[in-house]
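Below is one structure, written out as C-alpha cells; comments come after it.
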2 protein chains.
Amino acid sequence: MKASVATLRQAREVRDLFRPIAGGLADVERFLEREMEAAMPMVRETAGWVLGSGGKRLRPALVLLISRMLGYVGERDVRYGAVVELIHTATLIHDDIIDGSDLRRGRATANRRWGDQAAVLVGDWLYTRTMDLCLELGDVEVMRRLTWATLQMTEGEILADRVRGRLDIDEVTYMDITRRKTAELFAAACAVPALFQASTHHMVDRLLEFGRGVGICFQLVDDLLDYSASRHEMGKPVMADLREGRVTLPMILLLPRLDTRHRVIAERAATCGEMSAEDEADLVEVVRTSGVLETVRERAEGFAERAGEAAAALPAGTEREALIRAAKLLLDRRA
Amino acid sequence: MKASVATLRQAREVRDLFRPIAGGLADVERFLEREMEAAMPMVRETAGWVLGSGGKRLRPALVLLISRMLGYVGERDVRYGAVVELIHTATLIHDDIIDGSDLRRGRATANRRWGDQAAVLVGDWLYTRTMDLCLELGDVEVMRRLTWATLQMTEGEILADRVRGRLDIDEVTYMDITRRKTAELFAAACAVPALFQASTHHMVDRLLEFGRGVGICFQLVDDLLDYSASRHEMGKPVMADLREGRVTLPMILLLPRLDTRHRVIAERAATCGEMSAEDEADLVEVVRTSGVLETVRERAEGFAERAGEAAAALPAGTEREALIRAAKLLLDRRA
C-alpha cells in the first residue's frame, strides 16, 4: 500500500515534469505509429508489439526536454526522439534473443512470440530504418553519435555474453558493460539536440556526461529492482537477471560474503537457470538483509548527483530543473 | 575434366579482366584485415572466418572498376569496396541464422560454429561499423544508397522467410525477392563511385541498372548451380536450397510439369529438409532433363544482356569492356 501511494505520487510528479513536452511526446507516438503503418506486416506486428509494451519513452523525453532547453524550434526533436526509441527497441529485440528471454514488461518477448528468426530480421530492419530516417536530414554529427552508441551497445552485449553465467565477473567489467549497454544511448539521446544545431555544439560534452550519469543510475536501479521488487511490479520473476546468467552489481558485491550453501544456489541459478521456490525466497532474503542493496542504491545516487553536477553548467530554467529532478526520480522508480 | 579446363580458362580470364584493379583489390584486403585486427576478439574470429572463406570479392571489384572508369583518383574506392564487402558479410551471417544453414563455401557457417547468439551480435556489429566507416567521409548520398540496399536485403529476407518451404511461390514473388536480396547491393556497389563524385551523379541510374542486371544474373546462375553443380564444386550438397526450403526459379518453372511422385519428393525436401539419396538422384535427373535449367540460363543471359545495354551508355574504354565481359562471364561460373 505504501509502495503504491509512492508510485502514484511519483507518476504524478513525472507527468508534471514532462508537461512542457507532452505535445512533443504525443508527436513522437504519432511518428512511431506512422512508421509502423508504412512498414511490412511482419515488422509492423513484431516491432509494434514491442513498441506498445509500455516503455516509458525516457529517451525521447530527454531529446525533447533538452531540445527545448536549447531553444530549438522545429521538427527534428520529434524525429530524433522517435529514432532513439527505435534504436532502443531494436536493441531490446536482439538482446532478448541473445539472453533467451521469454518475458519483458509482463508480456512475451518478440523472439518468444515470433521466433528468433523473425526477431533477428525485425531488429535489423529497425536499425537500418533509423539510419534512413537520419539520412533524410543529413545531420552527419548526429548520425556519428547514434552509430557510435549503437556500436557500443553491441560491444557491451558481446562482453556481457562472454561473462554470462559467471559469478567471478568483477566490478570494473560490470561497469564497463553497463556504460556501453545502457549509458551510451542515454548519453547520445541527450547530446543529439546539441549536435543538430551548430550554435550549441560546445554543450555536447556536458550533455554526454549528464546522459551517462542518468543511464548508469537507471541501470543500477534496474539491477536493484530485480532483487527488491515483486514479480507483479516488474512483469517478470524476481532474480530474472540471475536466472538468465546476468550477474549484476548486487550479487557481485554480495559474493565475497556469501556462505557456500547460498553461493551454490546462486551458481546454479546463474549457470543453468535453476532455482527452487524455497531457494529463491532464501537467497532473496539474504540479499535484502545483507546491505548490498543499500550500497548499490548509494552508487546510483552518486551517478544521479554526478548527472546533476553536469547539468549545472547547462542553460538555467525550468527545463534544466526538470532534468535534474528527473535524474533523482529515477532512484525511486519501482518498475 | 572438360569442366575443370573451362574453369581454369575462366579463372584466367577473370584475372585478366581484374588486372587493372589488382592493386585496389589488395588494398581492400588490407583494409579488411586492419578492420578485423582492430575489432574485439569475438568479432575478429567470427567475421574473419566468414571474410576468409573464399568469397570472390565481386562487389569490391565492381566498386574499383567503376571508380576507375569514372576517372576517380583517391582512397574512397578502396574504403567503399571494403564497406560493401562488410555489408555483404553481415548479411551472409544473419541469413545463415535465418536459414538454419550449416555450410557455406564448404565450411561451417558462423552460426554453426559459434552459435546463433554470437552470429546475431557479430552481424549487428558489422552493419553498424560499416555505417561508421561511411560517416567518417560524410558522403550522405552514398550512405543513403547503401542504407536503402540494406533495407531492401532485410525486407527480401523477410519475404523469403514467409514463403519458405512453400512450393506454391510464384515467379513474380521470386523475382521480387531476388531483386531485393541480391540485386540491390550489386546495384549500390555499382552506383557508389558515381555518388561520391558530384560530376558523375548523372550516371547513377545507368549504373544501378547495370548492377541490378548483373545481380539478378548472378543469382539465377546460383540457383542453377544448386541443381547442376556437384557437391565438390559448391562446397555444399546438391539441392541445398530446396532442402532449406528455398524454392528457386528452376523448381518454380518445373512444378506445373512434375508428376505426383516427384512433387511429393520436392515437397518433403522443401518442408522438412528430408530426401533420400535415391530420391535426390531421381529428382536431380528430372530437373536436368526437363529443360528448365536451359530456360533459367536463358533468363540469366537476358539479364546479362540488359546489363550490357545499360553499360553501353557509360564512358567507353577498357573498364567498360571489362564490365560487359564480366557480366557475361558470370554465366559460365561453376561455383
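Residues are referred to by chain and number: the chain letter is A, B, ... according to the order shown in the C-alpha cells, the number counts from 1 in that chain, and ligands are numbered separately from 1 in the order shown.
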Helix (DSSP H, G or I) residues, from DSSP on the backbone, in stretch 61-238 of chain B, as number ranges by chain: B: 61-69, 76-99, 110-135, 140-162, 171-195, 198-228, 231-234
What are the closest atom pairs, with distances in Å to one decimal, for all residues of chain B lying within 10 Å of chain A? Consider only C-alpha atoms, order rows by chain and residue number, and present the result as CSV.
```
residue,atom,partner,partner_atom,distance
B:Ala39,CA,A:Glu155,CA,9.7
B:Met40,CA,A:Glu155,CA,7.9
B:Pro41,CA,A:Ile158,CA,9.9
B:Met42,CA,A:Ile158,CA,7.7
B:Val43,CA,A:Ile158,CA,8.8
B:Thr91,CA,A:Asp124,CA,9.8
B:His94,CA,A:Val120,CA,7.5
B:Asp95,CA,A:Leu121,CA,8.9
B:Ile97,CA,A:Gln117,CA,7.1
B:Ile98,CA,A:Gln117,CA,5.0
B:Asp99,CA,A:Gln117,CA,8.3
B:Gly100,CA,A:Gln117,CA,9.1
B:Asp116,CA,A:Ile98,CA,8.1
B:Gln117,CA,A:Ile98,CA,5.0
B:Ala118,CA,A:Ile158,CA,7.5
B:Ala119,CA,A:Ile98,CA,9.7
B:Val120,CA,A:Val120,CA,7.0
B:Leu121,CA,A:Thr154,CA,6.4
B:Val122,CA,A:Thr154,CA,8.3
B:Gly123,CA,A:Asp124,CA,9.2
B:Asp124,CA,A:Thr154,CA,6.9
B:Trp125,CA,A:Thr154,CA,6.1
B:Leu126,CA,A:Leu151,CA,9.0
B:Tyr127,CA,A:Thr128,CA,8.5
B:Thr128,CA,A:Leu151,CA,6.1
B:Arg129,CA,A:Leu151,CA,6.9
B:Thr130,CA,A:Thr147,CA,9.7
B:Met131,CA,A:Thr147,CA,7.0
B:Asp132,CA,A:Thr147,CA,6.3
B:Leu133,CA,A:Arg144,CA,9.8
B:Cys134,CA,A:Arg144,CA,9.6
B:Leu135,CA,A:Arg144,CA,6.3
B:Glu136,CA,A:Arg144,CA,8.2
B:Leu137,CA,A:Val140,CA,9.6
B:Gly138,CA,A:Val140,CA,6.5
B:Asp139,CA,A:Val140,CA,9.1
B:Val140,CA,A:Gly138,CA,6.5
B:Glu141,CA,A:Leu135,CA,8.6
B:Met143,CA,A:Leu135,CA,7.6
B:Arg144,CA,A:Leu135,CA,6.3
B:Arg145,CA,A:Asp132,CA,9.5
B:Leu146,CA,A:Asp132,CA,9.7
B:Thr147,CA,A:Asp132,CA,6.3
B:Trp148,CA,A:Asp132,CA,7.2
B:Ala149,CA,A:Thr128,CA,9.7
B:Thr150,CA,A:Thr128,CA,7.0
B:Leu151,CA,A:Thr128,CA,6.1
B:Gln152,CA,A:Trp125,CA,9.1
B:Met153,CA,A:Trp125,CA,9.3
B:Thr154,CA,A:Trp125,CA,6.1
B:Glu155,CA,A:Trp125,CA,7.4
B:Glu157,CA,A:Leu121,CA,7.6
B:Ile158,CA,A:Leu121,CA,6.7
B:Leu159,CA,A:Met42,CA,9.2
B:Asp161,CA,A:Ala118,CA,8.2
B:Arg162,CA,A:Met42,CA,9.2
```
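Proximity of A:Asp96, A:Arg334, A:Val142, A:Ala110 to A:Phe196, computed with only C-alpha atoms, is greatest for A:Val142.
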For B:Met175, work out the shell of residues within 9 Å, counting only C-alpha atoms and skipping chain neighbours fewer than 5 positions away, then give it as a ChimeraX atom specification. /B:170,180,216,249
Would you mind exporting all heavy atoms of the selected residues as a PDB file, in the first residue's frame?
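As a result, selection_34.pdb now contains:
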```
ATOM      1  N   ASP B 170       5.109 -17.936 -56.447  1.00  0.00           N
ATOM      2  CA  ASP B 170       5.042 -17.639 -57.883  1.00  0.00           C
ATOM      3  C   ASP B 170       6.287 -16.892 -58.351  1.00  0.00           C
ATOM      4  O   ASP B 170       7.085 -16.404 -57.557  1.00  0.00           O
ATOM      5  CB  ASP B 170       3.768 -16.858 -58.209  1.00  0.00           C
ATOM      6  CG  ASP B 170       3.732 -15.545 -57.476  1.00  0.00           C
ATOM      7  OD1 ASP B 170       4.541 -14.649 -57.799  1.00  0.00           O
ATOM      8  OD2 ASP B 170       2.913 -15.416 -56.538  1.00  0.00           O
ATOM      9  N   ARG B 180      15.580  -7.808 -54.342  1.00  0.00           N
ATOM     10  CA  ARG B 180      15.895  -7.215 -53.043  1.00  0.00           C
ATOM     11  C   ARG B 180      17.115  -7.862 -52.399  1.00  0.00           C
ATOM     12  O   ARG B 180      18.019  -7.181 -51.925  1.00  0.00           O
ATOM     13  CB  ARG B 180      14.712  -7.374 -52.085  1.00  0.00           C
ATOM     14  CG  ARG B 180      13.487  -6.551 -52.461  1.00  0.00           C
ATOM     15  CD  ARG B 180      12.353  -6.944 -51.525  1.00  0.00           C
ATOM     16  NE  ARG B 180      11.069  -6.392 -51.883  1.00  0.00           N
ATOM     17  CZ  ARG B 180      10.486  -5.383 -51.227  1.00  0.00           C
ATOM     18  NH1 ARG B 180      11.090  -4.789 -50.235  1.00  0.00           N
ATOM     19  NH2 ARG B 180       9.288  -4.975 -51.595  1.00  0.00           N
ATOM     20  N   ILE B 216      20.946  -9.910 -60.677  1.00  0.00           N
ATOM     21  CA  ILE B 216      19.927 -10.939 -60.939  1.00  0.00           C
ATOM     22  C   ILE B 216      20.547 -12.095 -61.716  1.00  0.00           C
ATOM     23  O   ILE B 216      20.309 -13.266 -61.402  1.00  0.00           O
ATOM     24  CB  ILE B 216      18.716 -10.331 -61.679  1.00  0.00           C
ATOM     25  CG1 ILE B 216      18.029  -9.315 -60.752  1.00  0.00           C
ATOM     26  CG2 ILE B 216      17.726 -11.425 -62.090  1.00  0.00           C
ATOM     27  CD1 ILE B 216      16.848  -8.605 -61.362  1.00  0.00           C
ATOM     28  N   LEU B 249      13.909 -20.518 -58.960  1.00  0.00           N
ATOM     29  CA  LEU B 249      13.283 -20.482 -60.283  1.00  0.00           C
ATOM     30  C   LEU B 249      13.234 -21.839 -60.995  1.00  0.00           C
ATOM     31  O   LEU B 249      12.181 -22.175 -61.558  1.00  0.00           O
ATOM     32  CB  LEU B 249      13.955 -19.405 -61.153  1.00  0.00           C
ATOM     33  CG  LEU B 249      13.199 -19.027 -62.425  1.00  0.00           C
ATOM     34  CD1 LEU B 249      11.755 -18.652 -62.150  1.00  0.00           C
ATOM     35  CD2 LEU B 249      13.919 -17.885 -63.161  1.00  0.00           C
TER      36      LEU B 249
END
```
Quick one: residues within 12 Å of B:Ala316, only C-alpha atoms counted, chain neighbours fewer than 3 positions away excluded, as a ChimeraX atom specification? /B:66,68-71,311-313,319-324
As an exercise, work out the distance from atom CA of B:Leu253 to atom CA of B:Asp102 in Å and give it to one decimal place.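 Atom CA of B:Asp102 lies at a distance of 27.3 Å from atom CA of B:Leu253.
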May I have the residues within 9 Å of B:His88 as a PyMOL selection string, using only C-alpha atoms and disregarding those fewer than 5 positions away in the same chain? chain B and resi 59+83+93+185
Store the residues picked out above in a file with N, CA, C and O atoms, as a PDB file, in the first residue's frame.
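The result, written out as again13.pdb:
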```pdb
ATOM      1  N   ARG B  59      31.791  -7.656 -55.443  1.00  0.00           N
ATOM      2  CA  ARG B  59      31.230  -6.321 -55.193  1.00  0.00           C
ATOM      3  C   ARG B  59      32.336  -5.268 -55.068  1.00  0.00           C
ATOM      4  O   ARG B  59      32.242  -4.212 -55.703  1.00  0.00           O
ATOM      5  N   VAL B  83      33.614  -1.599 -47.481  1.00  0.00           N
ATOM      6  CA  VAL B  83      32.320  -1.414 -46.819  1.00  0.00           C
ATOM      7  C   VAL B  83      31.262  -2.327 -47.440  1.00  0.00           C
ATOM      8  O   VAL B  83      30.504  -3.001 -46.731  1.00  0.00           O
ATOM      9  N   ILE B  93      25.964 -13.627 -42.647  1.00  0.00           N
ATOM     10  CA  ILE B  93      25.954 -14.155 -41.278  1.00  0.00           C
ATOM     11  C   ILE B  93      24.518 -14.216 -40.739  1.00  0.00           C
ATOM     12  O   ILE B  93      24.101 -15.236 -40.192  1.00  0.00           O
ATOM     13  N   LEU B 185      22.228  -4.792 -53.689  1.00  0.00           N
ATOM     14  CA  LEU B 185      23.580  -4.494 -53.184  1.00  0.00           C
ATOM     15  C   LEU B 185      24.576  -4.415 -54.349  1.00  0.00           C
ATOM     16  O   LEU B 185      25.469  -3.564 -54.348  1.00  0.00           O
TER      17      LEU B 185
END
```
